[in-house]
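The next block is start_35.cif, given as mmCIF, C-alpha atoms.
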```cif
data_entry
loop_
_atom_site.label_atom_id
_atom_site.label_comp_id
_atom_site.auth_asym_id
_atom_site.auth_seq_id
_atom_site.Cartn_x
_atom_site.Cartn_y
_atom_site.Cartn_z
CA MET C 2 -25.30 -19.77 7.00
CA SER C 3 -23.40 -22.99 6.77
CA ARG C 4 -24.66 -26.08 5.06
CA ARG C 5 -26.48 -28.83 6.93
CA LEU C 6 -24.33 -31.53 8.52
CA PRO C 7 -24.44 -34.86 6.70
CA PRO C 8 -24.96 -38.05 8.70
CA PHE C 9 -21.70 -38.78 10.54
CA GLU C 10 -21.57 -42.13 8.77
CA ARG C 11 -21.18 -40.46 5.37
CA PHE C 12 -18.64 -37.95 6.70
CA LEU C 13 -16.60 -40.82 8.19
CA GLU C 14 -16.62 -42.82 4.96
CA ALA C 15 -15.71 -39.77 2.88
CA ASN C 16 -12.71 -38.82 5.02
CA ARG C 17 -11.32 -42.00 6.60
CA THR C 18 -8.71 -42.74 3.91
CA THR C 19 -7.28 -39.21 3.79
CA VAL C 20 -7.13 -39.01 7.59
CA PHE C 21 -5.41 -42.39 7.74
CA ARG C 22 -2.82 -41.35 5.15
CA TYR C 23 -2.16 -38.14 7.06
CA LEU C 24 -1.75 -39.99 10.35
CA THR C 25 0.48 -42.67 8.82
CA ALA C 26 2.89 -39.84 8.10
CA ALA C 27 2.26 -37.70 11.19
CA VAL C 28 2.54 -40.37 13.91
CA GLY C 29 3.88 -43.36 11.97
CA PRO C 30 2.17 -46.48 10.64
CA ILE C 31 2.13 -48.32 13.99
CA ASP C 32 0.31 -45.62 15.97
CA ALA C 33 -1.88 -44.36 13.12
CA ASP C 34 -4.80 -46.61 14.12
CA ASP C 35 -4.88 -45.41 17.74
CA VAL C 36 -4.69 -41.73 16.82
CA PHE C 37 -7.34 -42.36 14.13
CA GLN C 38 -9.68 -43.54 16.90
CA GLU C 39 -8.94 -40.47 19.03
CA THR C 40 -9.46 -38.18 16.04
CA PHE C 41 -12.86 -39.51 15.05
CA LEU C 42 -14.06 -39.89 18.66
CA ALA C 43 -13.25 -36.21 19.23
CA ALA C 44 -15.01 -35.37 15.96
CA LEU C 45 -18.10 -37.38 16.90
CA ARG C 46 -18.21 -35.67 20.30
CA ALA C 47 -18.08 -32.21 18.73
CA TYR C 48 -20.08 -33.01 15.59
CA PRO C 49 -23.53 -31.59 16.50
CA ARG C 50 -21.90 -28.21 17.26
CA CYS C 51 -19.66 -28.19 14.19
CA THR C 52 -20.14 -24.99 12.17
CA GLU C 53 -17.95 -26.03 9.23
CA ALA C 54 -20.39 -28.27 7.37
CA ASP C 55 -19.15 -26.87 4.06
CA ARG C 56 -15.50 -27.81 4.77
CA LEU C 57 -15.64 -30.95 6.89
CA ASP C 58 -12.54 -32.34 5.12
CA ARG C 59 -10.49 -29.49 6.59
CA TRP C 60 -12.22 -29.69 9.95
CA ILE C 61 -11.26 -33.35 10.45
CA LEU C 62 -7.65 -32.82 9.35
CA ARG C 63 -7.25 -30.01 11.88
CA ILE C 64 -8.53 -32.36 14.59
CA ALA C 65 -6.15 -35.07 13.36
CA SER C 66 -3.26 -32.59 13.46
CA ARG C 67 -4.06 -31.67 17.08
CA LYS C 68 -4.33 -35.35 18.03
CA ALA C 69 -0.95 -36.00 16.39
CA ILE C 70 0.58 -33.20 18.48
CA ASP C 71 -0.99 -34.67 21.65
CA HIS C 72 0.36 -38.05 20.67
CA HIS C 73 3.92 -36.74 20.26
CA ARG C 74 3.75 -34.88 23.58
CA GLY C 75 2.53 -38.04 25.29
CA ALA C 76 5.29 -40.07 23.66
CA ALA C 77 7.89 -37.55 24.85
CA ARG C 78 6.65 -37.94 28.42
CA ARG C 79 6.64 -41.73 28.32
CA PRO C 80 9.93 -43.14 29.67
CA ILE C 81 12.06 -44.83 27.03
CA PRO C 82 12.60 -48.50 27.91
CA VAL C 83 16.27 -49.14 28.71
CA ALA C 84 16.53 -52.15 26.45
CA ALA C 85 14.79 -50.46 23.51
CA PRO C 86 16.58 -51.09 20.22
CA PRO C 87 18.05 -47.89 18.77
CA GLU C 88 16.33 -48.52 15.41
CA ARG C 89 12.60 -48.20 15.94
CA ARG C 90 11.52 -48.60 12.37
CA THR C 91 12.30 -52.32 12.18
CA GLU C 92 8.61 -52.87 13.09
CA VAL C 93 7.39 -51.81 9.64
CA ASP C 94 8.39 -52.64 6.12
CA PRO C 95 7.64 -49.57 3.99
CA ALA C 96 7.53 -51.43 0.69
CA ALA C 97 5.16 -54.13 1.96
CA ASP C 98 3.02 -51.61 3.84
CA GLY C 99 2.47 -49.48 0.76
CA PHE C 100 4.46 -46.32 1.47
CA GLY C 101 7.69 -44.69 0.38
CA PRO C 102 10.93 -45.06 2.38
CA ALA C 103 10.99 -41.42 3.55
CA VAL C 104 7.51 -41.53 5.11
CA VAL C 105 8.56 -43.01 8.45
CA ALA C 106 10.84 -40.05 9.18
CA VAL C 107 8.07 -37.44 8.73
CA ARG C 108 6.70 -38.06 12.23
CA ASP C 109 10.01 -36.90 13.77
CA LEU C 110 9.83 -33.43 12.19
CA PRO C 111 8.67 -30.41 14.25
CA ALA C 112 4.88 -30.05 14.11
CA ARG C 113 4.65 -27.23 11.53
CA GLN C 114 7.12 -28.88 9.16
CA ARG C 115 5.43 -32.24 9.67
CA ASP C 116 2.03 -30.83 8.67
CA ALA C 117 3.41 -28.80 5.77
CA VAL C 118 5.17 -31.87 4.35
CA ALA C 119 2.20 -34.17 4.97
CA TYR C 120 -0.40 -31.84 3.42
CA ARG C 121 1.71 -30.63 0.50
CA HIS C 122 3.79 -33.65 -0.44
CA ILE C 123 1.87 -36.67 0.83
CA LEU C 124 -1.75 -35.58 0.42
CA GLY C 125 -0.84 -33.35 -2.54
CA PHE C 126 -2.74 -30.23 -1.41
CA SER C 127 -2.01 -26.86 -3.02
CA VAL C 128 -0.01 -24.24 -1.13
CA ALA C 129 -3.19 -22.17 -0.77
CA ASP C 130 -5.20 -25.07 0.68
CA THR C 131 -2.37 -26.00 3.02
CA ALA C 132 -2.09 -22.40 4.22
CA SER C 133 -5.79 -22.21 4.97
CA LEU C 134 -5.67 -25.59 6.72
CA MET C 135 -2.69 -24.55 8.85
CA GLY C 136 -3.97 -21.03 9.45
CA CYS C 137 -0.81 -19.36 8.15
CA THR C 138 0.49 -17.56 5.07
CA GLU C 139 1.51 -19.29 1.84
CA GLU C 140 5.10 -18.11 2.45
CA ALA C 141 5.10 -19.84 5.82
CA VAL C 142 3.85 -23.05 4.19
CA ARG C 143 6.61 -22.94 1.58
CA ALA C 144 9.25 -22.30 4.24
CA SER C 145 8.03 -25.11 6.54
CA ALA C 146 7.73 -27.61 3.69
CA TYR C 147 11.20 -26.67 2.44
CA GLN C 148 12.80 -27.06 5.87
CA GLY C 149 10.98 -30.33 6.44
CA LEU C 150 12.06 -31.81 3.12
CA ARG C 151 15.64 -30.72 3.72
CA LYS C 152 15.66 -32.50 7.09
CA LEU C 153 14.24 -35.65 5.53
CA LYS C 154 16.99 -35.61 2.92
CA GLU C 155 19.72 -35.07 5.54
CA GLN C 156 18.25 -37.93 7.53
CA GLU C 157 18.37 -40.22 4.49
CA LEU C 158 21.98 -39.31 3.75
CA LYS C 159 22.93 -39.99 7.35
CA GLU C 160 21.30 -43.38 7.23
CA ARG C 161 22.92 -44.30 3.97
CA ALA C 162 26.28 -43.36 5.48
CA ALA C 163 25.54 -45.48 8.53
CA TRP C 164 24.78 -48.44 6.25
CA THR C 165 28.04 -48.17 4.34
CA ASN C 166 30.03 -47.84 7.57
CA ASP C 167 28.64 -51.13 8.90
CA MET G 10 11.91 -36.80 -2.93
CA ASP G 11 8.17 -37.00 -3.61
CA GLU G 12 8.10 -40.62 -4.77
CA ARG G 13 9.85 -41.51 -1.52
CA LEU G 14 7.00 -39.76 0.33
CA THR G 15 4.05 -41.68 -1.13
CA ILE G 16 1.42 -43.50 0.88
CA SER G 17 -0.68 -45.81 -1.25
CA THR G 18 -4.35 -44.91 -1.23
CA GLU G 19 -5.33 -48.58 -1.60
CA GLU G 20 -3.36 -49.57 1.47
CA ALA G 21 -4.71 -46.63 3.49
CA ASP G 22 -8.22 -47.53 2.33
CA ARG G 23 -7.78 -51.11 3.56
CA ARG G 24 -6.24 -50.11 6.89
CA SER G 25 -8.70 -47.31 7.54
CA ARG G 26 -11.57 -49.72 6.96
CA GLN G 27 -10.23 -51.89 9.78
CA ALA G 28 -9.77 -48.80 11.94
CA VAL G 29 -13.36 -47.77 11.22
CA ASP G 30 -14.67 -51.18 12.35
CA ARG G 31 -12.92 -50.64 15.66
CA PHE G 32 -14.19 -47.05 15.81
CA ARG G 33 -17.86 -48.06 15.40
CA ALA G 34 -17.72 -50.31 18.46
CA MET G 35 -15.82 -47.72 20.53
CA ALA G 36 -18.19 -44.90 19.58
CA ALA G 37 -21.27 -46.93 20.50
CA GLY G 38 -19.60 -48.08 23.73
CA ALA G 39 -18.81 -44.47 24.66
CA GLY G 40 -22.47 -43.49 24.21
CA LEU G 41 -21.62 -41.04 21.43
CA VAL G 42 -23.97 -42.48 18.79
CA ASP G 43 -27.41 -40.81 18.78
CA VAL G 44 -28.74 -42.92 15.90
CA ALA G 45 -27.23 -46.40 15.54
CA VAL G 46 -27.96 -48.04 12.21
CA GLY G 47 -27.73 -51.73 11.40
CA THR G 48 -29.00 -54.23 8.87
CA VAL G 49 -31.23 -57.24 9.41
CA GLY G 50 -31.72 -60.01 6.88
CA SER G 51 -35.37 -61.03 6.37
CA PRO G 52 -37.71 -62.80 3.93
CA VAL G 53 -38.81 -59.35 2.68
CA GLY G 54 -35.20 -58.34 1.90
CA GLU G 55 -32.44 -56.74 3.94
CA LEU G 56 -33.89 -54.21 6.36
CA LEU G 57 -32.10 -51.08 7.57
CA VAL G 58 -32.96 -50.40 11.21
CA ALA G 59 -32.25 -47.22 13.19
CA VAL G 60 -32.13 -47.21 16.98
CA THR G 61 -31.80 -44.22 19.33
CA PRO G 62 -31.54 -44.11 23.13
CA HIS G 63 -35.37 -43.72 23.08
CA GLY G 64 -35.92 -46.89 21.09
CA LEU G 65 -36.47 -48.10 17.54
CA ALA G 66 -37.00 -45.06 15.30
CA ALA G 67 -37.05 -46.40 11.75
CA ILE G 68 -37.04 -49.46 9.53
CA ALA G 69 -36.33 -49.10 5.80
CA PHE G 70 -36.80 -51.75 3.16
CA GLU G 71 -34.16 -52.96 0.75
CA GLY G 72 -34.48 -50.79 -2.34
CA ASP G 73 -35.25 -47.63 -0.38
CA ASP G 74 -32.67 -44.92 -1.04
CA ARG G 75 -30.39 -45.43 1.97
CA ASP G 76 -28.67 -42.08 1.58
CA ARG G 77 -32.06 -40.42 1.87
CA VAL G 78 -32.96 -42.51 4.90
CA LEU G 79 -29.72 -41.49 6.65
CA ASP G 80 -30.22 -37.85 5.62
CA ARG G 81 -33.64 -37.84 7.16
CA LEU G 82 -32.39 -39.38 10.40
CA ALA G 83 -29.60 -36.79 10.56
CA ARG G 84 -31.97 -33.92 9.88
CA GLN G 85 -34.83 -34.94 12.15
CA LEU G 86 -33.05 -36.74 15.02
CA SER G 87 -29.31 -36.01 15.19
CA PRO G 88 -26.38 -35.83 12.76
CA ARG G 89 -24.57 -38.39 14.93
CA VAL G 90 -25.80 -41.24 12.74
CA LEU G 91 -23.44 -44.22 12.57
CA MET G 92 -23.58 -47.80 11.37
CA ALA G 93 -23.12 -49.67 14.64
CA ALA G 94 -24.48 -53.18 14.31
CA ARG G 95 -24.16 -54.16 17.96
CA ALA G 96 -26.41 -51.35 19.12
CA THR G 97 -29.20 -52.79 16.98
CA ASP G 98 -28.92 -56.36 18.33
CA ASP G 99 -32.24 -56.29 20.26
CA VAL G 100 -34.16 -55.25 17.16
CA ARG G 101 -32.39 -57.90 15.06
CA ARG G 102 -33.24 -60.60 17.59
CA GLU G 103 -36.96 -59.73 17.77
CA LEU G 104 -37.27 -59.43 14.00
CA ASP G 105 -35.52 -62.79 13.55
CA GLU G 106 -37.97 -64.37 16.00
CA TYR G 107 -40.92 -62.78 14.24
CA PHE G 108 -39.85 -63.98 10.81
CA ARG G 109 -39.26 -67.54 11.95
CA GLY G 110 -42.71 -67.63 13.56
CA ALA G 111 -41.53 -67.53 17.17
CA ARG G 112 -42.87 -64.06 18.01
CA ARG G 113 -46.31 -62.49 17.52
CA ARG G 114 -45.79 -59.24 19.38
CA PHE G 115 -42.77 -56.95 19.59
CA ASP G 116 -41.52 -55.83 22.98
CA LEU G 117 -39.24 -53.12 21.58
CA ARG G 118 -39.36 -49.55 22.86
CA LEU G 119 -40.24 -47.15 20.07
CA ASP G 120 -38.86 -43.69 19.33
CA ARG G 121 -41.86 -41.90 17.76
CA ARG G 122 -40.10 -38.63 16.94
CA LEU G 123 -40.33 -39.24 13.19
CA MET G 124 -44.14 -39.30 13.42
CA SER G 125 -46.42 -36.26 13.17
CA PRO G 126 -49.13 -36.00 15.86
CA PHE G 127 -51.75 -37.37 13.43
CA MET G 128 -49.43 -40.25 12.50
CA LYS G 129 -48.93 -41.04 16.16
CA ASP G 130 -52.71 -41.42 16.55
CA VAL G 131 -53.07 -43.53 13.41
CA LEU G 132 -50.05 -45.72 14.14
CA GLY G 133 -51.05 -46.04 17.81
CA ALA G 134 -54.41 -47.51 16.75
CA THR G 135 -52.64 -49.68 14.16
CA ALA G 136 -50.26 -51.06 16.79
CA ARG G 137 -53.30 -52.47 18.62
CA VAL G 138 -54.35 -54.64 15.67
CA PRO G 139 -53.04 -58.04 16.80
CA PHE G 140 -51.02 -60.60 14.85
CA GLY G 141 -53.29 -62.62 12.57
CA ARG G 142 -56.04 -59.96 12.47
CA LEU G 143 -56.87 -57.24 9.94
CA ALA G 144 -58.51 -53.82 10.09
CA THR G 145 -59.77 -51.49 7.34
CA TYR G 146 -58.62 -47.90 6.80
CA GLY G 147 -62.13 -46.79 7.79
CA GLU G 148 -61.99 -48.76 11.02
CA ILE G 149 -58.69 -47.14 12.00
CA ALA G 150 -60.17 -43.73 11.14
CA GLY G 151 -63.15 -44.54 13.37
CA ARG G 152 -60.94 -45.69 16.23
CA ILE G 153 -59.07 -42.38 16.34
CA GLY G 154 -62.34 -40.40 16.23
CA ARG G 155 -61.91 -39.25 12.61
CA PRO G 156 -64.43 -41.51 10.82
CA THR G 157 -64.27 -39.58 7.54
CA ALA G 158 -60.47 -39.50 7.36
CA ALA G 159 -59.87 -42.95 5.82
CA ARG G 160 -57.80 -41.42 3.00
CA ALA G 161 -55.59 -39.43 5.38
CA VAL G 162 -55.22 -42.60 7.45
CA GLY G 163 -53.98 -44.37 4.31
CA ALA G 164 -51.42 -41.63 3.69
CA ALA G 165 -50.22 -41.75 7.31
CA LEU G 166 -49.83 -45.53 7.14
CA GLY G 167 -47.93 -45.23 3.85
CA ALA G 168 -45.44 -42.96 5.61
CA ASN G 169 -45.05 -45.24 8.65
CA PRO G 170 -41.38 -44.87 9.68
CA ILE G 171 -41.39 -48.22 11.55
CA PRO G 172 -43.13 -50.75 9.27
CA ILE G 173 -43.42 -54.42 10.32
CA VAL G 174 -43.02 -53.54 14.03
CA VAL G 175 -45.88 -51.01 13.78
CA PRO G 176 -48.01 -53.37 11.69
CA CYS G 177 -49.46 -51.12 9.01
CA HIS G 178 -49.55 -54.19 6.74
CA ARG G 179 -52.59 -55.36 8.77
CA VAL G 180 -54.68 -52.45 7.49
CA ILE G 181 -56.50 -53.12 4.19
CA GLY G 182 -59.27 -51.71 2.01
CA ALA G 183 -62.96 -52.11 2.91
CA GLY G 184 -63.53 -54.51 0.01
CA GLY G 185 -60.70 -56.80 1.16
CA ASN G 186 -58.18 -55.35 -1.31
CA LEU G 187 -54.68 -54.96 0.10
CA THR G 188 -54.75 -51.46 -1.51
CA GLY G 189 -51.19 -50.20 -0.92
CA TYR G 190 -48.02 -50.50 1.14
CA GLY G 191 -45.00 -48.29 1.70
CA GLY G 192 -42.73 -51.27 1.00
CA GLY G 193 -44.71 -52.38 -2.05
CA LEU G 194 -47.70 -54.75 -2.22
CA PRO G 195 -45.70 -58.01 -2.62
CA ARG G 196 -44.14 -57.39 0.80
CA LYS G 197 -47.56 -56.69 2.36
CA GLU G 198 -48.82 -59.95 0.92
CA LEU G 199 -45.83 -61.89 2.19
CA LEU G 200 -46.18 -60.47 5.71
CA LEU G 201 -49.89 -61.29 5.84
CA ARG G 202 -49.26 -64.86 4.60
CA LEU G 203 -46.61 -65.24 7.28
CA GLU G 204 -49.19 -64.20 9.88
CA GLY G 205 -51.80 -66.55 8.43
CA SER G 206 -54.12 -63.69 7.44
CA LEU G 207 -53.88 -64.70 3.79
CA PRO G 208 -53.77 -68.29 2.58
CA ALA G 209 -50.21 -69.53 2.02
CA ALA G 210 -49.12 -69.20 -1.61
#
```
As structure tokens:
Amino acid sequence: MSRRLPPFERFLEANRTTVFRYLTAAVGPIDADDVFQETFLAALRAYPRCTEADRLDRWILRIASRKAIDHHRGAARRPIPVAAPPERRTEVDPAADGFGPAVVAVRDLPARQRDAVAYRHILGFSVADTASLMGCTEEAVRASAYQGLRKLKEQELKERAAWTND
Amino acid sequence: MDERLTISTEEADRRSRQAVDRFRAMAAGAGLVDVAVGTVGSPVGELLVAVTPHGLAAIAFEGDDRDRVLDRLARQLSPRVLMAARATDDVRRELDEYFRGARRRFDLRLDRRLMSPFMKDVLGATARVPFGRLATYGEIAGRIGRPTAARAVGAALGANPIPIVVPCHRVIGAGGNLTGYGGGLPRKELLLRLEGSLPAA
């Protein structure tokens, strides 16, 4: 028997900051607001039938993760404007926007690595919590997080090299 | 690597608050809010009002435990309870008119699902006591065919989920005492002065 659902208002207030942090990493700071709307609209739609009243924090992050995947699929289908600048991160200033310089590259990781890095290293969840959230083993979490971090580091090195070559 | 992967909680808090403001309007617009909650300023303190597709379901006074009010709405009506000010605009407008003396009768639809059958009878009879008039607990008991139930009538009025709009403040003791009020006696007094049923202070 699961616990009674709290008023959606309280659930929203309790989880909005964590969901926003996750989405800032998973889809980037510019699109985080839009995917936040989609996440909580989907949650509100499903809320009366939700059977996870005792772990709503996990429930909403799983919805956010699915919405991030949908977002990336949609973005892949959208045609890239011909005149688009090659550097798309000029739109945000990590320092001023309150996040570390490696955050903007997390969204470009494959979905499993993206989630493993976001849950483990940005939200600071334990390996066990991340595994239960992602529905996989702790070994798989460690492997995905490791591969994700390695890619982020390679990316940073590449960019640094590009800077010095300028 | 980890310090290069931080996202400030303060910044996310600020941004998510803006996102939530947008979300409230979208959710109400999409018809996904079963219980829309808003606040209304008034001379008896800030009121919390709850509106469903059936009508006005609850009014709570400032000082009531708001968490408990929301819990009750979630339990008895629907867990899809959300602060959505715009969805409560009609109630806010009529209450504003009432408190500035421009309205003597409310035209709001009421959602009576928070009332027991006995309360529906008692509050139905109470709703027919007009602005500027008073009734006693015994009179209300008589009007619902339960002439000996004055005490139970008092209890039902004390639990009125929609005070002010269902005017339980117009029901007083046989000796002319105000007796009691769910929102506290000073509020009952103020409402009756506003309606001219008690001399102005």
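The result of the PyMOL selection byres ((chain G and resi 13) around 6) on the shown file is Gly101, Pro102 and Ala103 of chain C; Met10, Asp11, Glu12, Leu14 and Thr15 of chain G.
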Please produce an output containing C-alpha atoms for each residue in the selection, written as a PDB file, in the coordinates of the input.
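Once everything was written out, this is out_26.pdb:
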```
ATOM      1  CA  GLY C 101       7.690 -44.690   0.380  1.00  0.00           C
ATOM      2  CA  PRO C 102      10.930 -45.060   2.380  1.00  0.00           C
ATOM      3  CA  ALA C 103      10.990 -41.420   3.550  1.00  0.00           C
TER       4      ALA C 103
ATOM      5  CA  MET G  10      11.910 -36.800  -2.930  1.00  0.00           C
ATOM      6  CA  ASP G  11       8.170 -37.000  -3.610  1.00  0.00           C
ATOM      7  CA  GLU G  12       8.100 -40.620  -4.770  1.00  0.00           C
ATOM      8  CA  LEU G  14       7.000 -39.760   0.330  1.00  0.00           C
ATOM      9  CA  THR G  15       4.050 -41.680  -1.130  1.00  0.00           C
TER      10      THR G  15
END
```
For this session: Please identify every residue of chain C that has at least one atom no more than 7 Å from any atom of chain G, counting only C-alpha atoms, and report them as a list in words.
Result: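 Taken together, these residues fit the definition: Leu6, Pro7, Pro8, Phe9, Glu10, Arg17, Thr18, Phe21, Arg22, Asp34, Gln38, Leu42, Leu45, Arg46, Pro49, Gly99, Phe100, Gly101, Pro102, Ala103, Val104, His122 and Ile123 of chain C.
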For this session: Could you expand the PyMOL selection byres ((chain C and resi 50-67) around 10) into the explicit residues it covers here, written as a ChimeraX atom specification?
Result: /C:2-7,12-13,15-17,19-21,23-24,27-28,36-41,43-49,68-73,112-113,115-116,120,130-131,133-136 /G:88
For this session: For the structure shown, which residues end up in the PyMOL selection byres ((chain G and resi 145-152) around 6)? Put them as a PyMOL selection string, please?
Result: chain G and resi 144+153-156+158-159+180-183
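Between atom CA of Ala117 of chain C and atom CA of Thr138 of chain C the interatomic distance comes to 11.6 Å.
Between atom CA of Arg114 of chain G and atom CA of Asp74 of chain G the separation is 28.2 Å.
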For this session: Tell me, in Å to one decimal, how far atom CA of Val58 of chain G is from atom CA of Leu143 of chain G.
Result: 24.9 Å
Problem set entry | Which of C:Ala163, C:Ala77, C:Ala132, C:Ala141 sits closest to Asp109 of chain C [using all atoms listed in the file] |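 Comparing C:Ala163, C:Ala77, C:Ala132, C:Ala141 against Asp109 of chain C, the winner is C:Ala77.
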Seminar exercise, completed: The residue from G:Thr135, G:Thr48, G:Gln85, G:Ser125 with the smallest atom-to-atom distance to Thr97 of chain G, counting all atoms listed in the file, is G:Thr48
Exercise. Which polymer residues have any atom within 10 Å of an atom of Arg101 of chain G, counting only C-alpha atoms, with same-chain residues fewer than 2 positions away left out, as a PyMOL selection string?
Worked result: chain G and resi 47-51+56+58+94-99+103-107
For this session: Tell me, as a VMD selection string, which residues lie within 12 Å of Gln156 of chain C, counting only C-alpha atoms; anything in the same chain fewer than 3 positions away does not count.
Result: chain C and resid 102 to 107 109 to 110 149 to 153 159 to 163
Problem set entry | Given all atoms listed in the file as the counted atoms, nearest of G:Ala209, G:Met128, G:Gly193, G:Leu199 to Ala164 of chain G |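 The shortest atom-to-atom distance to Ala164 of chain G comes from G:Met128.
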Exercise. Which residues, written as a VMD selection string, have at least one atom at most 10 Å from Arg179 of chain G, with only C-alpha atoms counted and residues fewer than 3 positions away on the same chain left out?
Worked result: chain G and resid 135 to 136 138 to 146 173 175 to 176 187 197 to 198 200 to 201 204 206
